[in-house]
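Structure data follow from start-v4.cif (mmCIF, C-alpha atoms):
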data_coords
loop_
_atom_site.group_PDB
_atom_site.id
_atom_site.type_symbol
_atom_site.label_atom_id
_atom_site.label_comp_id
_atom_site.auth_asym_id
_atom_site.auth_seq_id
_atom_site.Cartn_x
_atom_site.Cartn_y
_atom_site.Cartn_z
ATOM 1 C CA MET B 1212 -79.885 -111.088 -30.381
ATOM 2 C CA ASN B 1213 -76.791 -112.977 -29.767
ATOM 3 C CA PRO B 1214 -74.208 -111.777 -27.266
ATOM 4 C CA LEU B 1215 -71.883 -110.542 -29.967
ATOM 5 C CA GLN B 1216 -74.452 -108.161 -31.296
ATOM 6 C CA THR B 1217 -75.329 -107.011 -27.826
ATOM 7 C CA GLY B 1218 -71.686 -106.166 -27.140
ATOM 8 C CA CYS B 1219 -71.274 -104.280 -30.353
ATOM 9 C CA ALA B 1220 -74.391 -102.265 -29.627
ATOM 10 C CA LEU B 1221 -73.173 -101.361 -26.180
ATOM 11 C CA LEU B 1222 -69.797 -100.404 -27.586
ATOM 12 C CA ALA B 1223 -71.372 -98.207 -30.220
ATOM 13 C CA LEU B 1224 -73.555 -96.564 -27.557
ATOM 14 C CA ILE B 1225 -70.537 -95.873 -25.420
ATOM 15 C CA LEU B 1226 -68.697 -94.300 -28.338
ATOM 16 C CA VAL B 1227 -71.672 -92.257 -29.618
ATOM 17 C CA VAL B 1228 -72.840 -90.802 -26.292
ATOM 18 C CA PRO B 1229 -69.476 -89.159 -25.308
ATOM 19 C CA GLY B 1230 -69.010 -87.738 -28.829
ATOM 20 C CA ALA B 1231 -72.416 -86.078 -28.722
ATOM 21 C CA ALA B 1232 -71.709 -84.615 -25.301
ATOM 22 C CA SER B 1233 -68.367 -83.278 -26.405
ATOM 23 C CA ALA B 1234 -69.962 -81.801 -29.533
ATOM 24 C CA GLN B 1235 -72.572 -80.043 -27.426
ATOM 25 C CA LYS B 1236 -69.868 -78.755 -25.075
ATOM 26 C CA ALA B 1237 -67.732 -77.584 -27.971
ATOM 27 C CA ALA B 1238 -70.645 -75.632 -29.400
ATOM 28 C CA PHE B 1239 -71.362 -73.993 -26.034
ATOM 29 C CA ASP B 1240 -67.752 -73.010 -25.436
ATOM 30 C CA TYR B 1241 -67.454 -71.451 -28.893
ATOM 31 C CA ASP B 1242 -70.349 -69.082 -28.369
ATOM 32 C CA ALA B 1243 -69.031 -67.961 -24.996
ATOM 33 C CA GLU B 1244 -65.571 -67.578 -26.393
ATOM 34 C CA LEU B 1245 -66.876 -65.613 -29.357
ATOM 35 C CA LYS B 1246 -68.826 -63.358 -27.071
ATOM 36 C CA ARG B 1247 -65.822 -62.867 -24.860
ATOM 37 C CA LYS B 1248 -63.623 -62.186 -27.833
ATOM 38 C CA LYS B 1249 -66.075 -59.623 -29.155
ATOM 39 C CA ALA B 1250 -66.110 -57.865 -25.781
ATOM 40 C CA GLU B 1251 -62.349 -57.939 -25.659
ATOM 41 C CA LEU B 1252 -62.144 -56.635 -29.200
ATOM 42 C CA LYS B 1253 -64.508 -53.848 -28.269
ATOM 43 C CA ARG B 1254 -62.321 -52.909 -25.334
ATOM 44 C CA VAL B 1255 -59.263 -53.024 -27.548
ATOM 45 C CA LEU B 1256 -60.948 -50.779 -30.077
ATOM 46 C CA GLN B 1257 -61.939 -48.380 -27.348
ATOM 47 C CA GLN B 1258 -58.405 -48.408 -25.981
ATOM 48 C CA ARG B 1259 -57.052 -47.905 -29.494
ATOM 49 C CA ASN B 1260 -59.334 -44.912 -29.983
ATOM 50 C CA LYS B 1261 -58.092 -43.461 -26.709
ATOM 51 C CA VAL B 1262 -54.487 -44.036 -27.762
ATOM 52 C CA LYS B 1263 -55.166 -42.418 -31.137
ATOM 53 C CA LYS B 1264 -56.673 -39.390 -29.385
ATOM 54 C CA ALA B 1265 -53.707 -39.226 -27.005
ATOM 55 C CA VAL B 1266 -51.231 -39.562 -29.883
ATOM 56 C CA ALA B 1267 -53.046 -36.829 -31.773
ATOM 57 C CA GLY B 1268 -52.950 -34.566 -28.700
ATOM 58 C CA ASP B 1269 -49.270 -35.360 -28.142
ATOM 59 C CA ARG B 1270 -48.489 -34.681 -31.777
ATOM 60 C CA LYS B 1271 -50.266 -31.356 -31.582
ATOM 61 C CA ALA B 1272 -48.455 -30.469 -28.344
ATOM 62 C CA PHE B 1273 -45.138 -31.592 -29.843
ATOM 63 C CA ASP B 1274 -45.731 -29.477 -32.914
ATOM 64 C CA ALA B 1275 -46.442 -26.472 -30.699
ATOM 65 C CA TYR B 1276 -43.344 -27.226 -28.596
ATOM 66 C CA LYS B 1277 -41.285 -27.639 -31.748
ATOM 67 C CA ALA B 1278 -42.507 -24.295 -33.051
ATOM 68 C CA ARG B 1279 -41.696 -22.590 -29.731
ATOM 69 C CA THR B 1280 -38.302 -24.281 -29.619
ATOM 70 C CA GLU B 1281 -37.485 -23.210 -33.144
ATOM 71 C CA LYS B 1282 -38.481 -19.672 -32.282
ATOM 72 C CA ARG B 1283 -36.298 -19.725 -29.153
ATOM 73 C CA LEU B 1284 -33.423 -21.247 -31.083
ATOM 74 C CA ASP B 1285 -33.691 -18.523 -33.688
ATOM 75 C CA ALA B 1286 -33.631 -15.898 -30.929
ATOM 76 C CA LEU B 1287 -30.662 -17.629 -29.273
ATOM 77 C CA ARG B 1288 -28.802 -17.859 -32.574
ATOM 78 C CA LYS B 1289 -29.405 -14.177 -33.165
ATOM 79 C CA ARG B 1290 -28.285 -13.307 -29.631
ATOM 80 C CA THR B 1291 -25.245 -15.564 -29.958
ATOM 81 C CA LYS B 1292 -24.241 -13.813 -33.155
ATOM 82 C CA GLU B 1293 -24.661 -10.432 -31.455
ATOM 83 C CA ILE B 1294 -22.513 -11.622 -28.548
ATOM 84 C CA GLN B 1295 -19.870 -12.949 -30.925
ATOM 85 C CA ASP B 1296 -19.813 -9.651 -32.786
ATOM 86 C CA GLY B 1297 -19.628 -7.737 -29.501
ATOM 87 C CA THR B 1298 -16.865 -10.037 -28.283
ATOM 88 C CA ALA B 1299 -14.879 -9.400 -31.436
ATOM 89 C CA LYS B 1300 -15.267 -5.641 -30.927
ATOM 90 C CA TRP B 1301 -14.235 -5.884 -27.264
ATOM 91 C CA ARG B 1302 -11.241 -7.995 -28.214
ATOM 92 C CA LYS B 1303 -10.113 -5.231 -30.522
ATOM 93 C CA LYS B 1304 -10.687 -2.681 -27.764
ATOM 94 C CA LEU B 1305 -8.845 -4.849 -25.234
ATOM 95 C CA ALA B 1306 -5.942 -5.157 -27.635
ATOM 96 C CA ALA B 1307 -5.806 -1.360 -27.890
ATOM 97 C CA ARG B 1308 -6.182 -0.976 -24.116
ATOM 98 C CA GLY B 1309 -3.483 -3.604 -23.621
ATOM 99 C CA ALA B 1310 -1.103 -1.529 -25.694
ATOM 100 C CA THR B 1311 -2.047 1.560 -23.655
ATOM 101 C CA ILE B 1312 -1.597 -0.320 -20.377
ATOM 102 C CA GLY B 1313 1.776 -1.584 -21.550
ATOM 103 C CA HIS B 1314 2.787 1.982 -22.361
ATOM 104 C CA TYR B 1315 1.738 3.220 -18.910
ATOM 105 C CA ARG B 1316 3.470 0.285 -17.246
ATOM 106 C CA ARG B 1317 6.674 1.219 -18.993
ATOM 107 C CA LYS B 1318 6.186 4.797 -17.869
ATOM 108 C CA THR B 1319 5.484 3.594 -14.317
ATOM 109 C CA ARG B 1320 8.674 1.551 -14.311
ATOM 110 C CA GLY B 1321 10.568 4.586 -15.540
ATOM 111 C CA PHE B 1322 8.928 6.734 -12.858
ATOM 112 C CA ALA B 1323 9.817 4.195 -10.181
ATOM 113 C CA GLN B 1324 13.402 4.194 -11.407
ATOM 114 C CA ARG B 1325 13.527 7.992 -11.279
ATOM 115 C CA GLN B 1326 12.040 7.912 -7.778
ATOM 116 C CA LYS B 1327 14.746 5.480 -6.724
ATOM 117 C CA ILE B 1328 17.450 7.717 -8.155
ATOM 118 C CA PHE B 1329 15.934 10.765 -6.455
ATOM 119 C CA ARG B 1330 15.789 8.868 -3.144
ATOM 120 C CA LYS B 1331 19.502 8.131 -3.470
ATOM 121 C CA ARG B 1332 20.124 11.821 -4.082
ATOM 122 C CA LEU B 1333 18.184 12.664 -0.921
ATOM 123 C CA VAL B 1334 20.339 10.218 1.043
ATOM 124 C CA THR B 1335 23.446 11.854 -0.458
ATOM 125 C CA HIS B 1336 22.198 15.285 0.653
ATOM 126 C CA CYS B 1337 21.556 13.860 4.134
ATOM 127 C CA ASP B 1338 25.161 12.642 4.265
ATOM 128 C CA ALA B 1339 26.384 16.068 3.135
ATOM 129 C CA LEU B 1340 24.302 17.815 5.805
ATOM 130 C CA ILE B 1341 25.515 15.370 8.443
ATOM 131 C CA LYS B 1342 29.099 16.097 7.438
ATOM 132 C CA THR B 1343 28.372 19.824 7.686
ATOM 133 C CA ALA B 1344 26.528 19.475 10.995
ATOM 134 C CA ARG B 1345 29.526 17.746 12.562
ATOM 135 C CA THR B 1346 31.521 20.961 12.032
ATOM 136 C CA LEU B 1347 29.010 23.050 13.999
ATOM 137 C CA PRO B 1348 28.754 23.594 17.763
ATOM 138 C CA PRO B 1349 27.344 20.650 19.763
ATOM 139 C CA LEU B 1350 24.010 22.379 20.493
ATOM 140 C CA ILE B 1351 23.367 22.389 16.742
ATOM 141 C CA SER B 1352 25.218 19.289 15.575
ATOM 142 C CA GLN B 1353 23.899 16.734 18.086
ATOM 143 C CA LYS B 1354 20.232 17.221 17.287
ATOM 144 C CA ALA B 1355 20.795 17.829 13.573
ATOM 145 C CA VAL B 1356 22.883 14.663 13.151
ATOM 146 C CA SER B 1357 20.328 12.497 14.974
ATOM 147 C CA VAL B 1358 17.423 13.906 12.931
ATOM 148 C CA LEU B 1359 19.311 13.461 9.661
ATOM 149 C CA ASP B 1360 20.342 9.912 10.557
ATOM 150 C CA TYR B 1361 16.712 9.043 11.263
ATOM 151 C CA LEU B 1362 15.549 10.614 7.990
ATOM 152 C CA LYS B 1363 18.267 8.760 6.083
ATOM 153 C CA SER B 1364 17.230 5.430 7.613
ATOM 154 C CA GLU B 1365 13.600 6.086 6.663
ATOM 155 C CA LEU B 1366 14.588 6.942 3.092
ATOM 156 C CA ARG B 1367 16.634 3.777 2.753
ATOM 157 C CA ALA B 1368 13.838 1.650 4.225
ATOM 158 C CA GLY B 1369 11.239 3.283 1.970
ATOM 159 C CA SER B 1370 8.949 4.109 4.903
ATOM 160 C CA VAL B 1371 8.664 7.733 3.767
ATOM 161 C CA ASP B 1372 7.935 8.960 0.256
ATOM 162 C CA ASN B 1373 10.280 11.245 -1.635
ATOM 163 C CA ILE B 1374 8.124 14.363 -1.334
ATOM 164 C CA GLU B 1375 7.902 14.149 2.440
ATOM 165 C CA GLY B 1376 11.598 13.281 2.662
ATOM 166 C CA LEU B 1377 12.485 16.322 0.543
ATOM 167 C CA HIS B 1378 10.316 18.628 2.647
ATOM 168 C CA ARG B 1379 11.835 17.326 5.868
ATOM 169 C CA LEU B 1380 15.350 17.685 4.488
ATOM 170 C CA VAL B 1381 14.668 21.281 3.428
ATOM 171 C CA ARG B 1382 13.191 22.080 6.854
ATOM 172 C CA ILE B 1383 16.258 20.645 8.574
ATOM 173 C CA ALA B 1384 18.606 22.621 6.315
ATOM 174 C CA ARG B 1385 16.667 25.844 6.867
ATOM 175 C CA ARG B 1386 16.592 25.233 10.613
ATOM 176 C CA MET B 1387 20.355 24.756 10.596
ATOM 177 C CA ASP B 1388 20.800 27.982 8.618
ATOM 178 C CA ALA B 1389 18.533 29.810 11.064
ATOM 179 C CA GLN B 1390 20.508 28.451 14.024
ATOM 180 C CA LEU B 1391 23.702 29.847 12.497
ATOM 181 C CA MET B 1392 22.281 33.333 13.003
ATOM 182 C CA ASP B 1393 20.779 33.098 16.499
ATOM 183 C CA ILE B 1394 21.933 33.058 20.114
ATOM 184 C CA GLN B 1395 20.968 30.117 22.304
ATOM 185 C CA VAL B 1396 21.101 29.779 26.085
ATOM 186 C CA THR B 1397 20.333 26.461 27.777
ATOM 187 C CA GLN B 1398 20.764 24.801 31.146
ATOM 188 C CA GLY B 1399 21.401 21.113 31.748
ATOM 189 C CA SER B 1400 23.922 18.439 32.602
ATOM 190 C CA SER B 1401 27.556 19.080 31.834
ATOM 191 C CA PRO B 1402 28.887 17.687 28.555
ATOM 192 C CA ILE B 1403 32.461 17.392 29.933
ATOM 193 C CA PRO B 1404 33.643 15.376 32.918
ATOM 194 C CA GLN B 1405 35.853 18.174 34.288
ATOM 195 C CA ILE B 1406 32.793 20.259 35.135
ATOM 196 C CA THR B 1407 30.203 18.323 37.072
ATOM 197 C CA GLY B 1408 26.591 19.089 37.900
ATOM 198 C CA THR B 1409 24.217 21.421 36.131
ATOM 199 C CA VAL B 1410 25.841 23.937 33.811
ATOM 200 C CA GLN B 1411 24.741 26.857 31.664
ATOM 201 C CA ARG B 1412 25.484 26.835 27.963
ATOM 202 C CA LEU B 1413 25.830 29.742 25.571
ATOM 203 C CA ARG B 1414 25.949 29.466 21.794
ATOM 204 C CA LEU B 1415 26.534 32.311 19.341
ATOM 205 C CA GLY B 1416 25.354 31.147 15.931
ATOM 206 C CA GLY B 1417 27.747 28.585 14.518
ATOM 207 C CA VAL B 1418 30.979 30.237 15.677
ATOM 208 C CA PHE B 1419 31.046 29.971 19.469
ATOM 209 C CA GLU B 1420 29.737 27.739 22.253
ATOM 210 C CA ALA B 1421 30.697 27.682 25.925
ATOM 211 C CA VAL B 1422 29.619 26.007 29.168
ATOM 212 C CA ALA B 1423 30.035 27.560 32.601
ATOM 213 C CA ARG B 1424 29.342 26.721 36.215
ATOM 214 C CA GLY B 1425 30.573 28.965 38.979
ATOM 215 C CA GLU B 1426 34.228 29.726 38.251
ATOM 216 C CA GLN B 1427 34.624 26.844 35.804
ATOM 217 C CA ALA B 1428 34.082 27.150 32.103
ATOM 218 C CA ALA B 1429 34.957 25.535 28.777
ATOM 219 C CA VAL B 1430 34.631 26.541 25.143
ATOM 220 C CA TRP B 1431 34.213 24.401 22.041
ATOM 221 C CA ASP B 1432 37.406 24.064 19.991
ATOM 222 C CA PHE B 1433 36.402 23.798 16.327
ATOM 223 C CA GLU B 1434 39.847 22.709 15.183
ATOM 224 C CA LYS B 1435 40.223 19.829 17.633
ATOM 225 C CA LYS B 1436 36.447 19.214 17.802
ATOM 226 C CA LYS B 1437 36.420 18.916 21.572
ATOM 227 C CA TRP B 1438 35.866 21.027 24.680
ATOM 228 C CA ALA B 1439 38.751 23.203 25.846
ATOM 229 C CA LEU B 1440 38.725 23.824 29.592
ATOM 230 C CA LEU B 1441 39.352 27.460 30.657
ATOM 231 C CA ASN B 1442 41.412 27.647 33.818
ATOM 232 C CA ASP B 1443 40.445 31.257 34.337
ATOM 233 C CA PRO B 1444 37.657 32.258 36.769
ATOM 234 C CA VAL B 1445 37.453 35.711 35.154
ATOM 235 C CA LYS B 1446 36.543 34.235 31.760
ATOM 236 C CA ALA B 1447 34.051 31.924 33.445
ATOM 237 C CA ARG B 1448 32.363 34.906 35.075
ATOM 238 C CA MET B 1449 32.321 36.700 31.704
ATOM 239 C CA ILE B 1450 30.463 33.790 30.158
ATOM 240 C CA ILE B 1451 27.982 33.684 33.030
ATOM 241 C CA ALA B 1452 27.515 37.448 32.793
ATOM 242 C CA ALA B 1453 26.767 37.140 29.052
ATOM 243 C CA ILE B 1454 24.221 34.410 29.790
ATOM 244 C CA GLU B 1455 22.524 36.556 32.454
ATOM 245 C CA VAL B 1456 22.401 39.570 30.118
ATOM 246 C CA ARG B 1457 20.891 37.368 27.399
ATOM 247 C CA THR B 1458 18.271 35.919 29.763
ATOM 248 C CA GLY B 1459 17.414 39.342 31.238
ATOM 249 C CA LYS B 1460 18.835 38.703 34.701
ATOM 250 C CA GLN B 1461 21.215 41.629 34.234
ATOM 251 C CA LYS B 1462 20.861 44.969 32.554
ATOM 252 C CA PRO B 1463 21.990 45.142 28.947
ATOM 253 C CA ALA B 1464 25.724 45.671 28.822
ATOM 254 C CA LEU B 1465 28.728 44.824 26.694
ATOM 255 C CA VAL B 1466 30.458 41.627 27.776
ATOM 256 C CA ARG B 1467 33.896 40.516 26.598
ATOM 257 C CA LEU B 1468 33.800 36.811 25.786
ATOM 258 C CA PRO B 1469 36.817 34.509 25.432
ATOM 259 C CA LEU B 1470 36.574 33.931 21.705
ATOM 260 C CA GLY B 1471 40.153 32.824 21.197
ATOM 261 C CA GLY B 1472 39.106 29.460 19.756
ATOM 262 C CA VAL B 1473 36.262 30.808 17.662
ATOM 263 C CA ARG B 1474 35.990 29.777 14.044
ATOM 264 C CA PRO B 1475 36.244 32.737 11.647
ATOM 265 C CA LEU B 1476 32.962 33.828 10.176
ATOM 266 C CA LYS B 1477 34.378 33.763 6.661
ATOM 267 C CA LYS B 1478 34.296 29.941 6.836
ATOM 268 C CA VAL B 1479 30.615 30.036 7.609
ATOM 269 C CA GLY B 1480 27.976 31.055 5.116
ATOM 270 C CA ARG B 1481 26.484 29.839 1.888
ATOM 271 C CA GLY B 1482 28.853 26.873 1.656
ATOM 272 C CA LEU B 1483 28.015 25.563 5.116
ATOM 273 C CA VAL B 1484 24.645 23.996 4.340
ATOM 274 C CA PRO B 1485 24.260 22.440 0.850
ATOM 275 C CA ARG B 1486 21.599 24.246 -1.152
ATOM 276 C CA LEU B 1487 18.709 22.203 -2.555
ATOM 277 C CA ASP B 1488 16.933 23.375 -5.681
ATOM 278 C CA THR B 1489 13.372 23.116 -4.413
ATOM 279 C CA GLY B 1490 11.885 26.058 -6.267
ATOM 280 C CA GLY B 1491 10.704 27.517 -3.006
ATOM 281 C CA GLY B 1492 12.930 30.527 -2.525
ATOM 282 C CA ARG B 1493 16.383 30.958 -1.073
ATOM 283 C CA ALA B 1494 17.552 29.770 2.308
ATOM 284 C CA PRO B 1495 18.961 32.428 4.664
ATOM 285 C CA ALA B 1496 22.713 32.705 4.832
ATOM 286 C CA LEU B 1497 25.152 34.314 7.244
ATOM 287 C CA GLN B 1498 26.852 37.516 6.241
ATOM 288 C CA LYS B 1499 30.617 37.430 6.133
ATOM 289 C CA ALA B 1500 32.694 39.202 8.756
ATOM 290 C CA SER B 1501 36.375 39.514 9.440
ATOM 291 C CA PRO B 1502 37.698 37.193 12.181
ATOM 292 C CA LYS B 1503 39.226 38.452 15.388
ATOM 293 C CA ALA B 1504 40.910 36.734 18.266
ATOM 294 C CA GLU B 1505 38.352 38.088 20.707
ATOM 295 C CA ALA B 1506 34.980 39.588 19.799
ATOM 296 C CA PRO B 1507 34.591 42.770 21.885
ATOM 297 C CA THR B 1508 31.200 42.011 23.395
ATOM 298 C CA GLY B 1509 32.417 41.970 26.968
ATOM 299 C CA GLN B 1510 31.363 44.209 29.760
ATOM 300 C CA GLY B 1511 33.473 47.305 29.630
ATOM 301 C CA GLY B 1512 35.127 46.133 26.404
ATOM 302 C CA LYS B 1513 36.052 48.378 23.518
ATOM 303 C CA ARG B 1514 35.019 47.965 19.939
#

Entire entry expressed as structure tokens:
Amino acid sequence: MNPLQTGCALLALILVVPGAASAQKAAFDYDAELKRKKAELKRVLQQRNKVKKAVAGDRKAFDAYKARTEKRLDALRKRTKEIQDGTAKWRKKLAARGATIGHYRRKTRGFAQRQKIFRKRLVTHCDALIKTARTLPPLISQKAVSVLDYLKSELRAGSVDNIEGLHRLVRIARRMDAQLMDIQVTQGSSPIPQITGTVQRLRLGGVFEAVARGEQAAVWDFEKKKWALLNDPVKARMIIAAIEVRTGKQKPALVRLPLGGVRPLKKVGRGLVPRLDTGGGRAPALQKASPKAEAPTGQGGKR
């Protein structure tokens, strides 16, 4: 064999041997790969079966949920319709109630306006009573004017309702009428500078008032609306004697009082205190009497 043939043989051997090895390797790898693929396919099929079962379970659960949801929706639709119908009915009722409320509001405004007018009338009556009280003796007028001023301020401020204000005004008027028919004796500081110290005061209804201390005395002048000093010890003693008879310090006796400045009784009576129509009866009134310069009530006096 020549060298050329030997080389070709070696070359052919080199080429054939690797090809056979690779063919054997390729056959071995294919079997393993096929086996692996079969195992993987089996796992995939198993996983697919699991997914199918899960999907079937989910579909069944979804169908049940859908049925429950539809049932709930039907109930909600029915309830919504009932609520809408009820709302429509209540709207109609509210419209009717709104008209009623509007009517009562108008009545309330009218009532408030009438209350305001009545309050003004009460204030006017207070002013009239104050004007009347200023014509009475100081023992009546001072307290009456202060009480009426306070009541008038409360009425204007609205701190007292009309019913209470009316009742208080009627009580004040009746008290003033009662004071016009009584006799009052008090002791206190002197109301005039000419007589100092503690004095005794005597009031006969609404027609006479005097103060006395020792041999000094003064009477209320209704015309001049001030105290008139009596420079007469005898008259002062008469006033003190009348006070002592009234208080029981002396035996009952007739006392002649200095009534020269007395206001005639015919000016006192039903027109003195304004009457209020309260529906609760009539207020007492003074009886008329003829005026005299001096009322014979003095000790040893003649009638």

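Distance annotation: of B:Ile1312, B:Ala1439, B:Leu1413, B:Leu1366, the residue with the minimal separation from B:Val1456 is B:Leu1413; atom set is only C-alpha atoms.
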
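In this structure, atom CA of B:Gly1313 sits 17.5 Å away from atom CA of B:Trp1301.
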
Give me, as a tab-separated table, each residue of stretch 1388-1431 of chain B that comes within 12 Å of stretch 1340-1345 of chain B, together with its shortest interatomic pair and the distance in Å at one decimal, counting all atoms listed in the file, with rows ordered by chain and rising residue number.
residue	atom	partner	partner_atom	distance
B:Asp1388	CA	B:Ala1344	CA	10.5
B:Gln1390	CA	B:Ala1344	CA	11.2
B:Leu1391	CA	B:Ala1344	CA	10.9
B:Gly1417	CA	B:Ala1344	CA	9.8

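The space between atom CA of B:Gly1321 and atom CA of B:Leu1380 spans 24.4 Å.
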
Q: Provide the atom CA of B:Gln1411 to atom CA of B:Ile1451 distance in Å, to one decimal place.
A: 7.7 Å

Q: Given the file shown, enumerate the residues that the PyMOL selection byres ((chain B and resi 1349-1363) around 10) captures and present them as a ChimeraX atom specification.
A: /B:1330-1331,1333-1348,1364-1371,1376-1377,1379-1380,1383-1384,1386-1387,1390-1391,1395-1397,1402,1412-1414,1416-1417,1420-1421,1431,1436-1438

Residues within 10 Å of stretch 1424-1429 of chain B, only C-alpha atoms, excluding chain neighbours under 6 positions, as a PDB file with C-alpha atoms, in the coordinates of the input:
ATOM      1  CA  SER B1401      27.556  19.080  31.834  1.00  0.00           C
ATOM      2  CA  PRO B1402      28.887  17.687  28.555  1.00  0.00           C
ATOM      3  CA  ILE B1403      32.461  17.392  29.933  1.00  0.00           C
ATOM      4  CA  GLN B1405      35.853  18.174  34.288  1.00  0.00           C
ATOM      5  CA  ILE B1406      32.793  20.259  35.135  1.00  0.00           C
ATOM      6  CA  THR B1407      30.203  18.323  37.072  1.00  0.00           C
ATOM      7  CA  GLY B1408      26.591  19.089  37.900  1.00  0.00           C
ATOM      8  CA  THR B1409      24.217  21.421  36.131  1.00  0.00           C
ATOM      9  CA  VAL B1410      25.841  23.937  33.811  1.00  0.00           C
ATOM     10  CA  GLN B1411      24.741  26.857  31.664  1.00  0.00           C
ATOM     11  CA  ARG B1412      25.484  26.835  27.963  1.00  0.00           C
ATOM     12  CA  LYS B1437      36.420  18.916  21.572  1.00  0.00           C
ATOM     13  CA  TRP B1438      35.866  21.027  24.680  1.00  0.00           C
ATOM     14  CA  ALA B1439      38.751  23.203  25.846  1.00  0.00           C
ATOM     15  CA  LEU B1440      38.725  23.824  29.592  1.00  0.00           C
ATOM     16  CA  LEU B1441      39.352  27.460  30.657  1.00  0.00           C
ATOM     17  CA  ASN B1442      41.412  27.647  33.818  1.00  0.00           C
ATOM     18  CA  ASP B1443      40.445  31.257  34.337  1.00  0.00           C
ATOM     19  CA  PRO B1444      37.657  32.258  36.769  1.00  0.00           C
ATOM     20  CA  VAL B1445      37.453  35.711  35.154  1.00  0.00           C
ATOM     21  CA  LYS B1446      36.543  34.235  31.760  1.00  0.00           C
ATOM     22  CA  ALA B1447      34.051  31.924  33.445  1.00  0.00           C
ATOM     23  CA  ARG B1448      32.363  34.906  35.075  1.00  0.00           C
ATOM     24  CA  MET B1449      32.321  36.700  31.704  1.00  0.00           C
ATOM     25  CA  ILE B1450      30.463  33.790  30.158  1.00  0.00           C
ATOM     26  CA  ILE B1451      27.982  33.684  33.030  1.00  0.00           C
ATOM     27  CA  PRO B1469      36.817  34.509  25.432  1.00  0.00           C
TER      28      PRO B1469
END

Q.
Ranking B:Thr1319, B:Ser1400, B:Gln1324, B:Asn1260 by minimum distance to B:Ala1423 and counting all atoms listed in the file, which one comes first?
A. B:Ser1400

Hey, could you patch up stretch 1274-1286 of chain B with N, CA and C atoms and hand it over as an mmCIF file, keeping the file's coordinate frame?
data_model
loop_
_atom_site.group_PDB
_atom_site.id
_atom_site.type_symbol
_atom_site.label_atom_id
_atom_site.label_comp_id
_atom_site.auth_asym_id
_atom_site.auth_seq_id
_atom_site.Cartn_x
_atom_site.Cartn_y
_atom_site.Cartn_z
ATOM 1 N N ASP B 1274 -45.883 -30.459 -31.846
ATOM 2 C CA ASP B 1274 -45.731 -29.477 -32.914
ATOM 3 C C ASP B 1274 -45.650 -28.060 -32.337
ATOM 4 N N ALA B 1275 -46.490 -27.795 -31.334
ATOM 5 C CA ALA B 1275 -46.442 -26.472 -30.699
ATOM 6 C C ALA B 1275 -45.094 -26.266 -29.988
ATOM 7 N N TYR B 1276 -44.640 -27.309 -29.279
ATOM 8 C CA TYR B 1276 -43.344 -27.226 -28.596
ATOM 9 C C TYR B 1276 -42.209 -27.028 -29.592
ATOM 10 N N LYS B 1277 -42.314 -27.756 -30.719
ATOM 11 C CA LYS B 1277 -41.285 -27.639 -31.748
ATOM 12 C C LYS B 1277 -41.256 -26.232 -32.326
ATOM 13 N N ALA B 1278 -42.439 -25.657 -32.528
ATOM 14 C CA ALA B 1278 -42.507 -24.295 -33.051
ATOM 15 C C ALA B 1278 -41.906 -23.304 -32.044
ATOM 16 N N ARG B 1279 -42.265 -23.482 -30.757
ATOM 17 C CA ARG B 1279 -41.696 -22.590 -29.731
ATOM 18 C C ARG B 1279 -40.187 -22.756 -29.641
ATOM 19 N N THR B 1280 -39.741 -24.013 -29.707
ATOM 20 C CA THR B 1280 -38.302 -24.281 -29.619
ATOM 21 C C THR B 1280 -37.551 -23.672 -30.788
ATOM 22 N N GLU B 1281 -38.122 -23.803 -31.971
ATOM 23 C CA GLU B 1281 -37.485 -23.210 -33.144
ATOM 24 C C GLU B 1281 -37.407 -21.690 -33.001
ATOM 25 N N LYS B 1282 -38.476 -21.124 -32.482
ATOM 26 C CA LYS B 1282 -38.481 -19.672 -32.282
ATOM 27 C C LYS B 1282 -37.414 -19.268 -31.267
ATOM 28 N N ARG B 1283 -37.322 -20.022 -30.163
ATOM 29 C CA ARG B 1283 -36.298 -19.725 -29.153
ATOM 30 C C ARG B 1283 -34.895 -19.936 -29.695
ATOM 31 N N LEU B 1284 -34.741 -21.005 -30.493
ATOM 32 C CA LEU B 1284 -33.423 -21.247 -31.083
ATOM 33 C C LEU B 1284 -33.020 -20.123 -32.030
ATOM 34 N N ASP B 1285 -33.999 -19.646 -32.804
ATOM 35 C CA ASP B 1285 -33.691 -18.523 -33.688
ATOM 36 C C ASP B 1285 -33.263 -17.293 -32.889
ATOM 37 N N ALA B 1286 -34.004 -17.040 -31.771
ATOM 38 C CA ALA B 1286 -33.631 -15.898 -30.929
ATOM 39 C C ALA B 1286 -32.241 -16.100 -30.314
#
